[in-house]
Amino acid sequence: MNNNQNFKGRRIIWQVFHLLLIMIVFWILFEEGLLTVSSWLGKSWVPGNLTRRIFLFITSSVLFFRWGLTNFYLLKRKMTWAEILVVSIELVLIHLTYNILGGLVTNPIGIIEFIGIGLFVIGSYLNTGSEIMRLKWKKDPENKGRIYDQGLFKYSMHINYFGDVVWATGLALISGSIWIFLIPLYMSCGFIFLHIPRLDKHLKERYGTQYELYASKTKKLIPYIY
């Protein structure tokens, strides 16, 4: 098996794992999952509001399809087994905590949840939409060797990361559980203290003065703020 087939196989395995996770989410929200998990923990959980649980499953399914698009179309670099393991653990934590805690909330859906849906849609667009625009731009031979500072990336050097924080905040609002806000908080810390410095170092080494000019006029993460 050559390297390309090997890396394609890794992506397929990762996507199959994600699909199994979505099936577990369905079992938790609409079958006997919540009751079973509660019995394992010695609790007496009762499934929450049905409309909320439907919203929870829809948003988890959207994440599955979005990450599938990234996995097979947008992500051009190679994925290591270590990276797949880390991402898989993060997926488990996001999907299971989001759907278990949110699935227990009995409060009816209100304006807060619809604001959450709006943030989820906006964040998904900022993340995936910006990546699609960048990929299309990079495919033009005339842009070879140039740093991408157009489209949504002219508002933030890492607008895709900002999109992640926005849709994750939307998930927290939809779930109705304050604990889910730990997910966007965790993401924000990871981006600010780990991913952005590491990526900026790479961009500076690769593009030099192009990067410095871009960085001098563009915020790191949050447009117009930071």
# chains A, B, ... in the order shown; residues from 1 in each chain; ligands from 1
$ residues_around --residues "range 78-81 of chain A" --least-positions-apart "2" --cutoff "9 Å" --atoms "only C-alpha atoms" --output "list of chain:residue names"
A:Asn4, A:Phe7, A:Arg10, A:Arg11, A:Leu75, A:Lys76, A:Glu83, A:Ile84, A:Leu85, A:Val86
$ residues_around --residues "range 61-72 of chain A" --least-positions-apart "3" --cutoff "8 Å" --atoms "only C-alpha atoms" --output "list in words"
Arg11, Gln15, His18, Leu19, Ile22, Phe57, Ile58, Leu75 and Thr128 of chain A
$ write_last_selection --atoms "N, CA and C atoms" --output "PDB file, in the first residue's frame"
ATOM      1  N   ARG A  11      -8.228   8.477   6.865  1.00  0.00           N
ATOM      2  CA  ARG A  11      -9.364   9.395   6.828  1.00  0.00           C
ATOM      3  C   ARG A  11     -10.683   8.620   6.858  1.00  0.00           C
ATOM      4  N   GLN A  15     -13.582   8.797   9.701  1.00  0.00           N
ATOM      5  CA  GLN A  15     -14.967   9.150   9.380  1.00  0.00           C
ATOM      6  C   GLN A  15     -15.942   8.065   9.831  1.00  0.00           C
ATOM      7  N   HIS A  18     -16.467   8.487  13.446  1.00  0.00           N
ATOM      8  CA  HIS A  18     -17.365   9.613  13.690  1.00  0.00           C
ATOM      9  C   HIS A  18     -18.818   9.211  13.436  1.00  0.00           C
ATOM     10  N   LEU A  19     -19.059   8.414  12.401  1.00  0.00           N
ATOM     11  CA  LEU A  19     -20.411   7.932  12.104  1.00  0.00           C
ATOM     12  C   LEU A  19     -20.940   7.066  13.245  1.00  0.00           C
ATOM     13  N   ILE A  22     -22.099   9.274  15.965  1.00  0.00           N
ATOM     14  CA  ILE A  22     -23.410   9.870  15.702  1.00  0.00           C
ATOM     15  C   ILE A  22     -24.515   8.857  15.970  1.00  0.00           C
ATOM     16  N   PHE A  57     -29.575  16.602  18.033  1.00  0.00           N
ATOM     17  CA  PHE A  57     -29.163  15.602  17.047  1.00  0.00           C
ATOM     18  C   PHE A  57     -28.881  16.237  15.693  1.00  0.00           C
ATOM     19  N   ILE A  58     -29.703  17.204  15.291  1.00  0.00           N
ATOM     20  CA  ILE A  58     -29.484  17.863  14.003  1.00  0.00           C
ATOM     21  C   ILE A  58     -28.126  18.560  13.978  1.00  0.00           C
ATOM     22  N   LEU A  75      -9.062  19.409   3.717  1.00  0.00           N
ATOM     23  CA  LEU A  75      -7.778  19.153   4.371  1.00  0.00           C
ATOM     24  C   LEU A  75      -6.835  18.435   3.407  1.00  0.00           C
ATOM     25  N   THR A 128     -16.289  26.651   7.802  1.00  0.00           N
ATOM     26  CA  THR A 128     -16.230  25.876   6.560  1.00  0.00           C
ATOM     27  C   THR A 128     -16.250  26.774   5.334  1.00  0.00           C
TER      28      THR A 128
END
$ closest_residue --among "A:Leu56, A:Leu35, A:Leu91, A:Ser216" --to "Trp14 in chain A" --atoms "only C-alpha atoms"
A:Leu91
$ select_by_dssp --residues "range 12-155 of chain A" --states "helix (DSSP H, G or I)" --output "PyMOL selection string"
chain A and resi 12-30+33-40+50-74+81-103+111-138+141-143+151-154
$ residues_around --residues "Ala215 in chain A" --least-positions-apart "2" --cutoff "10 Å" --atoms "only C-alpha atoms" --output "mmCIF file with C-alpha atoms, in the first residue's frame"
data_model
loop_
_atom_site.group_PDB
_atom_site.id
_atom_site.type_symbol
_atom_site.label_atom_id
_atom_site.label_comp_id
_atom_site.auth_asym_id
_atom_site.auth_seq_id
_atom_site.Cartn_x
_atom_site.Cartn_y
_atom_site.Cartn_z
ATOM 1 C CA ASP A 149 -5.506 37.464 3.136
ATOM 2 C CA SER A 156 -9.295 37.787 11.022
ATOM 3 C CA MET A 157 -6.091 35.866 10.388
ATOM 4 C CA ASP A 200 1.766 32.040 12.927
ATOM 5 C CA LYS A 204 6.083 33.827 9.143
ATOM 6 C CA THR A 209 7.283 40.112 4.777
ATOM 7 C CA GLN A 210 3.912 39.080 3.333
ATOM 8 C CA TYR A 211 2.990 37.637 6.722
ATOM 9 C CA GLU A 212 4.283 40.680 8.610
ATOM 10 C CA LEU A 213 2.194 43.052 6.476
ATOM 11 C CA LYS A 217 -3.374 45.129 9.692
ATOM 12 C CA THR A 218 -5.439 42.098 10.721
ATOM 13 C CA LYS A 219 -6.635 40.826 14.097
ATOM 14 C CA LYS A 220 -5.577 37.353 15.217
#
$ residues_around --residues "range 168-175 of chain A" --least-positions-apart "2" --cutoff "6 Å" --atoms "only C-alpha atoms" --output "ChimeraX atom specification"
/A:102,113,116-117,119-120,165-166,177,180-181,184
$ write_last_selection --atoms "C-alpha atoms" --output "mmCIF file, in the first residue's frame"
data_model
loop_
_atom_site.group_PDB
_atom_site.id
_atom_site.type_symbol
_atom_site.label_atom_id
_atom_site.label_comp_id
_atom_site.auth_asym_id
_atom_site.auth_seq_id
_atom_site.Cartn_x
_atom_site.Cartn_y
_atom_site.Cartn_z
ATOM 1 C CA GLY A 102 -28.511 18.786 26.838
ATOM 2 C CA GLU A 113 -32.012 28.352 21.903
ATOM 3 C CA GLY A 116 -27.869 29.438 19.696
ATOM 4 C CA ILE A 117 -29.050 28.040 16.374
ATOM 5 C CA LEU A 119 -24.684 31.285 16.225
ATOM 6 C CA PHE A 120 -24.240 27.659 15.178
ATOM 7 C CA VAL A 165 -15.696 29.226 18.907
ATOM 8 C CA VAL A 166 -18.938 30.772 17.586
ATOM 9 C CA SER A 177 -26.605 23.423 30.129
ATOM 10 C CA ILE A 180 -21.322 23.062 27.810
ATOM 11 C CA PHE A 181 -19.781 26.552 27.806
ATOM 12 C CA PRO A 184 -15.949 27.006 23.569
#
$ closest_atom_pairs --of "range 79-156 of chain A" --to "range 160-163 of chain A" --cutoff "12 Å" --atoms "only C-alpha atoms" --output "Markdown table"
| residue | atom | partner | partner_atom | distance |
| --- | --- | --- | --- | --- |
| A:Leu119 | CA | A:Gly163 | CA | 9.2 |
| A:Phe120 | CA | A:Gly163 | CA | 8.8 |
| A:Val121 | CA | A:Gly163 | CA | 9.5 |
| A:Ile122 | CA | A:Gly163 | CA | 7.4 |
| A:Gly123 | CA | A:Gly163 | CA | 4.1 |
| A:Ser124 | CA | A:Gly163 | CA | 6.2 |
| A:Tyr125 | CA | A:Gly163 | CA | 7.3 |
| A:Leu126 | CA | A:Gly163 | CA | 4.7 |
| A:Asn127 | CA | A:Asn160 | CA | 4.0 |
| A:Thr128 | CA | A:Asn160 | CA | 7.1 |
| A:Gly129 | CA | A:Asn160 | CA | 8.4 |
| A:Ser130 | CA | A:Asn160 | CA | 6.3 |
| A:Glu131 | CA | A:Asn160 | CA | 7.0 |
| A:Ile132 | CA | A:Asn160 | CA | 10.5 |
| A:Met133 | CA | A:Asn160 | CA | 11.1 |
| A:Arg134 | CA | A:Asn160 | CA | 10.5 |
| A:Gly151 | CA | A:Asn160 | CA | 11.5 |
| A:Leu152 | CA | A:Asn160 | CA | 8.6 |
| A:Phe153 | CA | A:Asn160 | CA | 8.1 |
| A:Lys154 | CA | A:Asn160 | CA | 11.6 |
| A:Tyr155 | CA | A:Phe162 | CA | 10.6 |
| A:Ser156 | CA | A:Phe162 | CA | 8.2 |
$ write_last_selection --atoms "N, CA, C and O atoms" --output "PDB file, in the first residue's frame"
ATOM      1  N   LEU A 119     -26.137  31.295  16.037  1.00  0.00           N
ATOM      2  CA  LEU A 119     -24.684  31.285  16.225  1.00  0.00           C
ATOM      3  C   LEU A 119     -24.063  30.030  15.628  1.00  0.00           C
ATOM      4  O   LEU A 119     -22.965  30.078  15.054  1.00  0.00           O
ATOM      5  N   PHE A 120     -24.752  28.900  15.754  1.00  0.00           N
ATOM      6  CA  PHE A 120     -24.240  27.659  15.178  1.00  0.00           C
ATOM      7  C   PHE A 120     -24.126  27.779  13.655  1.00  0.00           C
ATOM      8  O   PHE A 120     -23.127  27.350  13.057  1.00  0.00           O
ATOM      9  N   VAL A 121     -25.144  28.350  13.029  1.00  0.00           N
ATOM     10  CA  VAL A 121     -25.129  28.521  11.566  1.00  0.00           C
ATOM     11  C   VAL A 121     -24.030  29.495  11.154  1.00  0.00           C
ATOM     12  O   VAL A 121     -23.257  29.227  10.216  1.00  0.00           O
ATOM     13  N   ILE A 122     -23.944  30.630  11.843  1.00  0.00           N
ATOM     14  CA  ILE A 122     -22.928  31.630  11.514  1.00  0.00           C
ATOM     15  C   ILE A 122     -21.520  31.056  11.706  1.00  0.00           C
ATOM     16  O   ILE A 122     -20.645  31.220  10.844  1.00  0.00           O
ATOM     17  N   GLY A 123     -21.303  30.391  12.842  1.00  0.00           N
ATOM     18  CA  GLY A 123     -19.990  29.812  13.105  1.00  0.00           C
ATOM     19  C   GLY A 123     -19.610  28.744  12.097  1.00  0.00           C
ATOM     20  O   GLY A 123     -18.446  28.662  11.670  1.00  0.00           O
ATOM     21  N   SER A 124     -20.584  27.938  11.684  1.00  0.00           N
ATOM     22  CA  SER A 124     -20.322  26.904  10.683  1.00  0.00           C
ATOM     23  C   SER A 124     -19.914  27.536   9.356  1.00  0.00           C
ATOM     24  O   SER A 124     -19.001  27.049   8.670  1.00  0.00           O
ATOM     25  N   TYR A 125     -20.582  28.641   9.000  1.00  0.00           N
ATOM     26  CA  TYR A 125     -20.230  29.341   7.763  1.00  0.00           C
ATOM     27  C   TYR A 125     -18.839  29.953   7.859  1.00  0.00           C
ATOM     28  O   TYR A 125     -18.037  29.852   6.923  1.00  0.00           O
ATOM     29  N   LEU A 126     -18.551  30.599   8.985  1.00  0.00           N
ATOM     30  CA  LEU A 126     -17.236  31.219   9.145  1.00  0.00           C
ATOM     31  C   LEU A 126     -16.128  30.182   9.041  1.00  0.00           C
ATOM     32  O   LEU A 126     -15.078  30.438   8.439  1.00  0.00           O
ATOM     33  N   ASN A 127     -16.349  29.009   9.613  1.00  0.00           N
ATOM     34  CA  ASN A 127     -15.321  27.972   9.601  1.00  0.00           C
ATOM     35  C   ASN A 127     -15.219  27.297   8.235  1.00  0.00           C
ATOM     36  O   ASN A 127     -14.186  27.372   7.571  1.00  0.00           O
ATOM     37  N   THR A 128     -16.289  26.651   7.802  1.00  0.00           N
ATOM     38  CA  THR A 128     -16.230  25.876   6.560  1.00  0.00           C
ATOM     39  C   THR A 128     -16.250  26.774   5.334  1.00  0.00           C
ATOM     40  O   THR A 128     -15.524  26.524   4.358  1.00  0.00           O
ATOM     41  N   GLY A 129     -17.069  27.820   5.359  1.00  0.00           N
ATOM     42  CA  GLY A 129     -17.135  28.728   4.209  1.00  0.00           C
ATOM     43  C   GLY A 129     -15.804  29.387   3.925  1.00  0.00           C
ATOM     44  O   GLY A 129     -15.382  29.506   2.769  1.00  0.00           O
ATOM     45  N   SER A 130     -15.116  29.816   4.983  1.00  0.00           N
ATOM     46  CA  SER A 130     -13.818  30.460   4.786  1.00  0.00           C
ATOM     47  C   SER A 130     -12.796  29.489   4.209  1.00  0.00           C
ATOM     48  O   SER A 130     -11.954  29.870   3.381  1.00  0.00           O
ATOM     49  N   GLU A 131     -12.855  28.236   4.633  1.00  0.00           N
ATOM     50  CA  GLU A 131     -11.923  27.223   4.123  1.00  0.00           C
ATOM     51  C   GLU A 131     -12.180  26.921   2.648  1.00  0.00           C
ATOM     52  O   GLU A 131     -11.235  26.724   1.873  1.00  0.00           O
ATOM     53  N   ILE A 132     -13.449  26.885   2.252  1.00  0.00           N
ATOM     54  CA  ILE A 132     -13.789  26.639   0.846  1.00  0.00           C
ATOM     55  C   ILE A 132     -13.275  27.773  -0.027  1.00  0.00           C
ATOM     56  O   ILE A 132     -12.704  27.556  -1.106  1.00  0.00           O
ATOM     57  N   MET A 133     -13.480  29.018   0.430  1.00  0.00           N
ATOM     58  CA  MET A 133     -12.978  30.175  -0.321  1.00  0.00           C
ATOM     59  C   MET A 133     -11.464  30.121  -0.466  1.00  0.00           C
ATOM     60  O   MET A 133     -10.923  30.413  -1.542  1.00  0.00           O
ATOM     61  N   ARG A 134     -10.771  29.764   0.618  1.00  0.00           N
ATOM     62  CA  ARG A 134      -9.312  29.717   0.580  1.00  0.00           C
ATOM     63  C   ARG A 134      -8.815  28.635  -0.369  1.00  0.00           C
ATOM     64  O   ARG A 134      -7.877  28.841  -1.132  1.00  0.00           O
ATOM     65  N   GLY A 151     -11.175  37.272   1.234  1.00  0.00           N
ATOM     66  CA  GLY A 151     -12.386  36.617   1.707  1.00  0.00           C
ATOM     67  C   GLY A 151     -12.643  36.940   3.170  1.00  0.00           C
ATOM     68  O   GLY A 151     -12.435  38.053   3.647  1.00  0.00           O
ATOM     69  N   LEU A 152     -13.071  35.950   3.916  1.00  0.00           N
ATOM     70  CA  LEU A 152     -13.330  36.142   5.343  1.00  0.00           C
ATOM     71  C   LEU A 152     -12.044  36.306   6.143  1.00  0.00           C
ATOM     72  O   LEU A 152     -12.064  36.849   7.253  1.00  0.00           O
ATOM     73  N   PHE A 153     -10.928  35.862   5.568  1.00  0.00           N
ATOM     74  CA  PHE A 153      -9.652  35.967   6.274  1.00  0.00           C
ATOM     75  C   PHE A 153      -9.112  37.400   6.317  1.00  0.00           C
ATOM     76  O   PHE A 153      -8.127  37.648   7.000  1.00  0.00           O
ATOM     77  N   LYS A 154      -9.741  38.316   5.606  1.00  0.00           N
ATOM     78  CA  LYS A 154      -9.299  39.710   5.720  1.00  0.00           C
ATOM     79  C   LYS A 154      -9.827  40.345   7.003  1.00  0.00           C
ATOM     80  O   LYS A 154      -9.355  41.406   7.415  1.00  0.00           O
ATOM     81  N   TYR A 155     -10.785  39.691   7.650  1.00  0.00           N
ATOM     82  CA  TYR A 155     -11.333  40.199   8.909  1.00  0.00           C
ATOM     83  C   TYR A 155     -10.637  39.591  10.130  1.00  0.00           C
ATOM     84  O   TYR A 155     -10.687  40.156  11.216  1.00  0.00           O
ATOM     85  N   SER A 156     -10.015  38.458   9.938  1.00  0.00           N
ATOM     86  CA  SER A 156      -9.295  37.787  11.022  1.00  0.00           C
ATOM     87  C   SER A 156      -8.310  36.814  10.397  1.00  0.00           C
ATOM     88  O   SER A 156      -8.647  36.103   9.446  1.00  0.00           O
TER      89      SER A 156
END
$ residues_around --residues "Trp137 in chain A" --least-positions-apart "6" --cutoff "9 Å" --atoms "only C-alpha atoms" --output "compact mmCIF listing (two decimals) with N, CA, C and O atoms, in the first residue's frame"
# COMPACT_ATOMS: atom_id res chain seq x y z
N ASN A 143 -1.73 32.40 -7.78
CA ASN A 143 -1.62 32.71 -6.36
C ASN A 143 -0.55 31.90 -5.64
O ASN A 143 -0.40 32.02 -4.42
N TYR A 148 -2.72 34.00 1.81
CA TYR A 148 -4.14 34.27 1.60
C TYR A 148 -4.64 35.24 2.65
O TYR A 148 -4.70 34.91 3.84
N GLN A 150 -7.57 37.27 1.90
CA GLN A 150 -8.79 37.75 1.28
C GLN A 150 -10.01 37.03 1.85
O GLN A 150 -9.90 36.29 2.83
$ closest_residue --among "A:Lys8, A:Lys138, A:Arg52, A:Arg146" --to "Phe114 in chain A" --atoms "only C-alpha atoms"
A:Arg52
$ residues_around --residues "Val37 in chain A" --least-positions-apart "6" --cutoff "10 Å" --atoms "only C-alpha atoms" --output "NGL selection string"
:A and (28 or 43-45 or 100)
